[in-house]
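Student: Handing over my_file.cif, mmCIF, C-alpha atoms.
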```
data_query
#
loop_
_atom_site.label_atom_id
_atom_site.label_comp_id
_atom_site.auth_asym_id
_atom_site.auth_seq_id
_atom_site.Cartn_x
_atom_site.Cartn_y
_atom_site.Cartn_z
CA MET A 726 -7.17 -32.05 10.20
CA LEU A 727 -9.33 -33.68 12.81
CA SER A 728 -10.88 -37.08 13.28
CA VAL A 729 -13.78 -38.52 15.24
CA ASN A 730 -13.47 -41.46 17.64
CA TYR A 731 -16.45 -43.29 19.07
CA PHE A 732 -16.11 -44.84 22.53
CA ALA A 733 -18.26 -45.60 25.55
CA TYR A 734 -18.23 -42.82 28.13
CA ASP A 735 -21.55 -42.52 29.90
CA GLU A 736 -23.14 -42.95 26.48
CA VAL A 737 -21.49 -39.78 25.26
CA LEU A 738 -20.17 -39.23 21.73
CA GLN A 739 -16.90 -37.30 21.89
CA THR A 740 -14.60 -35.87 19.24
CA SER A 741 -10.87 -36.21 18.82
CA SER A 742 -8.38 -34.76 16.37
CA PHE A 743 -5.09 -35.71 14.76
CA PHE A 744 -2.46 -33.66 13.01
CA TYR A 745 -1.10 -34.97 9.75
CA PHE A 746 2.50 -36.03 10.12
CA PHE A 747 3.75 -38.08 13.10
CA ARG A 748 0.96 -36.63 15.18
CA ALA A 749 -0.45 -37.92 18.42
CA LYS A 750 -4.17 -37.70 18.83
CA ILE A 751 -5.46 -34.49 20.36
CA SER A 752 -9.08 -34.45 21.43
CA PHE A 753 -11.38 -31.64 22.37
CA ILE A 754 -13.92 -32.56 25.06
CA ILE A 755 -16.82 -30.14 24.91
CA ALA A 756 -18.22 -31.00 28.35
CA THR A 757 -18.91 -34.09 30.38
CA LYS A 758 -22.11 -35.80 29.28
CA MET A 759 -22.63 -33.30 26.46
CA GLN A 760 -23.34 -34.92 23.13
CA VAL A 761 -21.24 -33.72 20.19
CA TYR A 762 -22.96 -34.10 16.84
CA ILE A 763 -21.25 -35.00 13.60
CA GLU A 764 -21.91 -31.46 12.31
CA LEU A 765 -19.71 -30.06 15.07
CA ALA A 766 -16.93 -32.49 14.19
CA LEU A 767 -17.14 -31.44 10.53
CA LEU A 768 -17.14 -27.76 11.50
CA GLU A 769 -14.12 -28.14 13.78
CA ASN A 770 -12.14 -30.08 11.16
CA PHE A 771 -13.07 -27.62 8.43
CA CYS A 772 -12.04 -24.62 10.53
CA MET A 773 -8.69 -26.18 11.41
CA ASP A 774 -7.87 -27.21 7.83
CA PHE A 775 -9.00 -23.88 6.39
CA SER A 776 -6.82 -22.00 8.86
CA LEU A 777 -3.75 -24.11 8.08
CA LEU A 778 -4.26 -23.82 4.32
CA VAL A 779 -4.65 -20.03 4.51
CA CYS A 780 -1.46 -19.72 6.55
CA ALA A 781 0.42 -21.90 4.06
CA LYS A 782 -1.00 -19.82 1.20
CA LEU A 783 0.18 -16.57 2.77
CA ILE A 784 3.64 -17.90 3.64
CA THR A 785 4.30 -19.34 0.17
CA LYS A 786 2.49 -16.44 -1.58
CA ASN A 787 0.35 -18.90 -3.48
CA ILE A 788 -2.10 -17.01 -5.69
CA ALA A 789 -4.89 -19.60 -5.64
CA ARG A 790 -8.35 -18.19 -5.07
CA TYR A 791 -10.03 -18.82 -1.74
CA TYR A 792 -12.69 -21.12 -3.19
CA ARG A 793 -9.90 -23.68 -3.63
CA VAL A 794 -8.91 -23.25 0.02
CA PHE A 795 -12.56 -23.80 0.95
CA LEU A 796 -12.76 -27.01 -1.10
CA GLY A 797 -9.48 -28.32 0.28
CA ALA A 798 -10.62 -27.74 3.85
CA LEU A 799 -13.98 -29.38 3.12
CA VAL A 800 -12.31 -32.50 1.72
CA GLY A 801 -10.03 -32.64 4.76
CA ALA A 802 -12.97 -32.36 7.16
CA ILE A 803 -14.88 -35.15 5.43
CA PHE A 804 -11.82 -37.40 5.44
CA ALA A 805 -11.18 -36.75 9.14
CA VAL A 806 -14.72 -37.69 10.10
CA LEU A 807 -14.93 -40.84 7.95
CA PHE A 808 -11.39 -42.13 8.41
CA PRO A 809 -11.71 -43.41 12.03
CA LEU A 810 -14.66 -45.59 11.02
CA ILE A 811 -12.24 -47.92 9.19
CA SER A 812 -9.58 -49.95 11.00
CA PHE A 813 -6.02 -50.11 9.64
CA ASN A 814 -2.64 -51.00 11.05
CA GLN A 815 -0.34 -48.13 12.08
CA ALA A 816 1.76 -48.20 8.90
CA VAL A 817 -1.28 -47.91 6.65
CA VAL A 818 -2.74 -45.18 8.87
CA LEU A 819 0.43 -43.10 8.54
CA ILE A 820 0.51 -43.51 4.76
CA LEU A 821 -3.16 -42.59 4.41
CA LYS A 822 -2.73 -39.49 6.58
CA ILE A 823 0.21 -38.32 4.47
CA CYS A 824 -1.73 -38.99 1.26
CA ALA A 825 -4.73 -37.09 2.66
CA GLY A 826 -2.50 -34.10 3.40
CA ILE A 827 -1.09 -34.20 -0.13
CA VAL A 828 -4.57 -34.32 -1.66
CA ILE A 829 -5.71 -31.39 0.48
CA CYS A 830 -2.70 -29.35 -0.69
CA LEU A 831 -3.40 -30.20 -4.34
CA ILE A 832 -7.02 -29.09 -4.00
CA GLY A 833 -6.44 -26.10 -1.73
CA ALA A 834 -3.77 -24.30 -3.75
CA ARG A 835 -2.65 -23.67 -7.33
CA PHE A 836 0.62 -24.96 -8.77
CA ILE A 837 2.26 -24.58 -12.15
CA LYS A 838 5.52 -26.29 -11.23
CA VAL A 839 6.29 -29.29 -9.03
CA LYS A 840 8.70 -27.17 -7.00
CA ALA A 841 5.87 -24.85 -5.97
CA PHE A 842 3.79 -27.81 -4.80
CA ILE A 843 6.66 -29.26 -2.76
CA LYS A 844 7.21 -25.88 -1.10
CA PHE A 845 3.53 -25.47 -0.23
CA ALA A 846 3.16 -29.05 1.05
CA CYS A 847 6.28 -28.76 3.24
CA VAL A 848 4.95 -25.55 4.79
CA PHE A 849 1.52 -27.07 5.32
CA PHE A 850 2.87 -30.19 7.02
CA ALA A 851 5.29 -28.10 9.09
CA LEU A 852 2.47 -25.85 10.30
CA THR A 853 0.28 -28.78 11.34
CA PHE A 854 3.20 -30.41 13.14
CA LEU A 855 4.11 -27.18 14.95
CA LEU A 856 0.50 -26.45 15.84
CA GLY A 857 0.06 -29.90 17.34
CA GLY A 858 3.20 -29.51 19.45
CA ALA A 859 2.26 -25.98 20.49
CA LEU A 860 -1.20 -27.02 21.64
CA THR A 861 0.20 -29.90 23.67
CA ALA A 862 2.79 -27.65 25.31
CA ILE A 863 0.39 -24.79 26.06
CA PHE A 864 -2.33 -26.94 27.57
CA SER A 865 0.14 -28.97 29.60
CA TYR A 866 1.86 -25.81 30.91
CA PHE A 867 -1.39 -24.20 32.08
CA ASN A 868 -2.74 -27.51 33.43
CA LEU A 869 -5.84 -27.31 31.31
CA ASN A 870 -8.00 -30.38 30.83
CA TYR A 871 -5.81 -32.68 28.85
CA ALA A 872 -5.19 -36.40 28.76
CA ASN A 873 -3.40 -38.43 26.15
CA GLY A 874 -6.05 -39.55 23.69
CA ALA A 875 -8.74 -37.72 25.64
CA GLY A 876 -8.49 -34.02 25.06
CA PHE A 877 -8.56 -30.32 25.75
CA LEU A 878 -11.23 -27.98 27.03
CA ILE A 879 -11.36 -24.32 25.98
CA SER A 880 -14.50 -22.73 27.36
CA SER A 881 -16.47 -25.59 25.79
CA ILE A 882 -15.37 -24.47 22.30
CA PRO A 883 -13.20 -26.65 20.02
CA VAL A 884 -9.87 -24.94 19.31
CA GLY A 885 -10.37 -25.07 15.55
CA ILE A 886 -13.27 -22.63 15.64
CA PRO A 887 -11.53 -19.72 17.44
CA LEU A 888 -8.44 -20.36 15.31
CA PHE A 889 -10.64 -20.04 12.22
CA CYS A 890 -12.05 -16.73 13.50
CA ILE A 891 -8.53 -15.42 14.14
CA VAL A 892 -7.50 -16.27 10.58
CA LEU A 893 -10.59 -14.54 9.17
CA LEU A 894 -9.83 -11.46 11.27
CA MET A 895 -6.23 -11.52 10.04
CA LEU A 896 -7.36 -11.70 6.41
CA GLY A 897 -9.81 -8.85 6.94
CA CYS A 898 -7.13 -6.66 8.51
CA LYS A 899 -4.71 -7.48 5.70
CA ARG A 900 -7.26 -6.57 3.04
CA LEU A 901 -8.11 -3.33 4.84
CA ALA A 902 -4.41 -2.47 5.16
CA ASN A 903 -3.90 -3.09 1.44
CA LYS A 904 -6.73 -0.70 0.61
CA ILE A 905 -5.37 1.98 2.92
CA ILE A 906 -1.86 1.59 1.54
CA SER A 907 -3.08 1.70 -2.06
CA LYS A 908 -4.96 4.95 -1.38
CA ASN A 909 -2.01 6.63 0.31
CA SER A 910 0.82 5.29 -1.84
CA LYS A 911 1.98 6.36 -5.26
CA ILE A 912 -0.34 5.48 -8.11
CA SER A 913 2.46 3.90 -10.09
CA VAL A 914 4.66 0.96 -9.08
CA LYS A 915 7.71 -0.31 -10.93
CA CYS A 916 7.39 -3.84 -12.28
CA HIS A 917 10.19 -6.10 -13.52
CA ILE A 918 8.64 -8.94 -15.55
CA VAL A 919 10.85 -11.98 -16.12
CA ARG A 920 10.32 -14.86 -18.54
CA GLY A 921 13.20 -17.21 -19.26
CA GLN A 922 16.28 -15.18 -20.11
CA SER A 923 14.24 -12.13 -21.10
CA SER A 924 12.92 -9.38 -18.85
CA VAL A 925 11.35 -5.96 -19.12
CA LEU A 926 10.87 -3.07 -16.69
CA VAL A 927 7.55 -1.21 -16.83
CA SER A 928 5.36 0.98 -14.66
CA GLY A 929 2.09 -0.43 -13.41
CA PHE A 930 -0.85 0.16 -11.10
CA TYR A 931 -3.37 -2.00 -9.26
CA ASP A 932 -6.82 -1.91 -10.81
CA SER A 933 -9.53 -2.88 -8.31
CA GLY A 934 -11.91 -3.30 -11.25
CA ASN A 935 -9.80 -6.06 -12.78
CA LYS A 936 -11.72 -9.28 -12.10
CA VAL A 937 -10.18 -11.39 -14.87
CA TYR A 938 -8.97 -14.91 -14.05
CA PHE A 939 -7.64 -17.74 -16.18
CA LYS A 940 -7.86 -21.24 -14.69
CA GLY A 941 -7.95 -19.71 -11.22
CA SER A 942 -4.98 -17.42 -11.79
CA PRO A 943 -5.44 -13.62 -11.73
CA VAL A 944 -4.65 -11.93 -15.04
CA SER A 945 -2.76 -8.65 -15.27
CA VAL A 946 -2.60 -6.77 -18.58
CA ILE A 947 0.39 -5.29 -20.41
CA ASP A 948 0.90 -3.52 -23.71
CA LEU A 949 1.75 -5.45 -26.87
CA SER A 950 5.11 -3.71 -27.22
CA VAL A 951 6.05 -4.80 -23.69
CA ALA A 952 5.02 -8.42 -24.26
CA GLU A 953 7.05 -8.63 -27.48
CA LYS A 954 10.24 -7.99 -25.49
CA ILE A 955 9.89 -11.21 -23.49
CA ILE A 956 7.85 -13.63 -25.63
CA ASP A 957 7.07 -14.54 -29.23
CA ILE A 958 3.49 -13.34 -29.67
CA ASN A 959 2.85 -15.74 -32.55
CA GLY A 960 3.49 -18.70 -30.28
CA ILE A 961 0.69 -17.79 -27.86
CA PHE A 962 -2.54 -19.74 -28.24
CA ASP A 963 -4.27 -19.34 -24.87
CA LEU A 964 -7.04 -16.74 -24.76
CA VAL A 965 -9.15 -15.20 -22.02
CA LEU A 966 -12.35 -13.19 -22.27
CA ILE A 967 -12.29 -9.65 -20.86
CA HIS A 968 -15.09 -7.13 -20.46
CA THR A 969 -14.54 -3.41 -20.97
CA VAL A 970 -16.72 -0.35 -21.53
CA ALA A 971 -16.08 -0.87 -25.25
CA GLY A 972 -17.43 -4.42 -25.12
CA SER A 973 -16.17 -7.97 -24.61
CA LYS A 974 -13.20 -9.48 -26.40
CA LYS A 975 -10.64 -12.26 -26.10
CA ILE A 976 -6.98 -11.45 -25.59
CA LYS A 977 -3.85 -13.58 -25.68
CA ILE A 978 -2.32 -14.58 -22.35
CA PHE A 979 0.95 -16.11 -21.15
CA THR A 980 2.64 -16.91 -17.85
CA ALA A 981 5.79 -15.08 -16.77
CA ASP A 982 8.28 -16.83 -14.51
CA GLU A 983 8.04 -14.02 -12.00
CA ILE A 984 7.28 -10.37 -11.46
CA ILE A 985 9.36 -8.18 -9.17
CA LEU A 986 7.46 -5.26 -7.66
CA TYR A 987 9.34 -2.26 -6.31
CA THR A 988 7.43 -0.45 -3.55
CA GLY A 989 9.60 2.23 -1.99
CA GLU A 990 12.76 0.59 -0.70
CA LYS A 991 11.21 -2.89 -0.67
CA THR A 992 11.05 -5.48 -3.46
CA HIS A 993 8.51 -8.27 -3.72
CA LYS A 994 8.81 -11.33 -5.98
CA ILE A 995 5.76 -13.25 -7.15
CA LYS A 996 6.20 -16.46 -9.13
CA ASN A 997 4.17 -17.67 -12.13
CA VAL A 998 2.11 -14.57 -12.90
CA THR A 999 -0.37 -14.58 -15.78
CA PHE A 1000 -0.42 -11.62 -18.19
CA GLY A 1001 -2.86 -10.68 -20.89
CA ILE A 1002 -1.81 -8.67 -23.92
CA SER A 1003 -3.91 -5.59 -24.49
CA PRO A 1004 -5.19 -5.13 -28.07
CA ASN A 1005 -5.14 -1.38 -27.46
CA LYS A 1006 -2.21 0.84 -26.59
CA ILE A 1007 -1.72 1.23 -22.81
CA SER A 1008 1.07 3.14 -21.10
CA CYS A 1009 1.22 1.10 -17.87
CA ALA A 1010 0.75 -2.48 -16.78
CA VAL A 1011 -2.71 -3.05 -15.31
CA LEU A 1012 -2.01 -5.23 -12.28
CA HIS A 1013 -4.61 -7.55 -10.81
CA PRO A 1014 -5.51 -6.58 -7.20
CA ASP A 1015 -4.84 -10.14 -6.04
CA LEU A 1016 -1.13 -9.50 -6.59
CA SER A 1017 -1.18 -6.91 -3.82
CA GLU A 1018 -2.33 -9.62 -1.40
CA ALA A 1019 0.66 -11.77 -2.29
CA ILE A 1020 3.23 -9.20 -1.17
#
```
Written as structure tokens, that's how I'd like the structure from this file.

Tutor:
Amino acid sequence: MLSVNYFAYDEVLQTSSFFYFFRAKISFIIATKMQVYIELALLENFCMDFSLLVCAKLITKNIARYYRVFLGALVGAIFAVLFPLISFNQAVVLILKICAGIVICLIGARFIKVKAFIKFACVFFALTFLLGGALTAIFSYFNLNYANGAGFLISSIPVGIPLFCIVLLMLGCKRLANKIISKNSKISVKCHIVRGQSSVLVSGFYDSGNKVYFKGSPVSVIDLSVAEKIIDINGIFDLVLIHTVAGSKKIKIFTADEIILYTGEKTHKIKNVTFGISPNKISCAVLHPDLSEAI
């Protein structure tokens, strides 16, 4: 997350940035006597926060949709731009930065349990800390334009923007790889669904046409007979609307503690997966395509 400092330098407005936890300021000077507008500061902060949130999402296999990542990054960018306008002592500044990071994590990801939030937040803070140290080391080693509290220069482009482009390229390649793998792999994948002390092993397949979500969580569908092995159907009250060629209808849904996917010799565990119970007989679990991105 980045911040903006205003200071006299040949009547130039320059930008600076800070990383969340125990971070020194790192500034990006665009060029001497080149004015940097507030829009650029917002863009740089947004790109940096978005990139860090995406990396944390991938590492922790958080299944939040990307609109939440977008909102979290936007909130972080706004905070970074407005925060330097108010003066606080160092202790208050540190507390506010930590609180800002926590809020960004809460907005930018989805959590069912406190443990999942702690894991995501720790990864997010660790990434920002490591990135800040890495940037300082790299720019110092190559003797690029850097001064404590002043900044870096990368071809007149703030570092957050190319980092953002790299993350987008990485996501695009990952999505393309998933499509290629799904076309060349077996249609069926073994699924071990766990809830409490109960579990069931079923076959499943990824359905690219499954666009069902419940409170931001992707919904996979299993047969009634499968669901009855791990949960009391009569105790389910949550419903979600689905659309099929036969029409629209509401089905019961529940959250399993985890699903273990067996792909060849590898196993992949995904926590807190939402399942809908099909009103019609189905032979395999219909897995949401978002689950393939979490493995």

Student: Run through the PyMOL selection byres ((chain A and resi 955-968) around 12) on the given coordinates and return the selected residues as a PyMOL selection string.

Tutor: chain A and resi 917-926+934-954+969-983+999-1004

Student: Let me make sure I understand: among A:Lys996, A:Lys782, A:His1013, A:Lys991, which one has the smallest atom-to-atom distance to Leu852 in chain A if we use all atoms listed in the file?

Tutor: A:Lys782

Student: Quick check, in Å to one decimal: how far apart do CA of Phe775 in chain A and CA of Asp932 in chain A lie?

Tutor: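 For CA of Phe775 in chain A relative to CA of Asp932 in chain A, the distance reads 28.0 Å.
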
Student: Using the chain letters and residue numbers of this document, give as an MDAnalysis selection string the residues selected by the PyMOL selection byres ((chain A and resi 834) around 9).

Tutor: chainID A and resid 778 782 787:791 793:794 797 829:833 835:836 842 845

Student: Select, from A:Ala1010, A:Cys772, A:Leu783, A:Ala802, the residue with the minimum atom-to-atom distance to Phe889 in chain A, counting only C-alpha atoms.

Tutor: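 Result for the nearest residue to Phe889 in chain A: A:Cys772.
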
Student: Can you list, as a ChimeraX atom specification, the residues that the PyMOL selection byres ((chain A and resi 800) around 9) selects here?

Tutor: /A:771,795-799,801-805,825,828-829,832
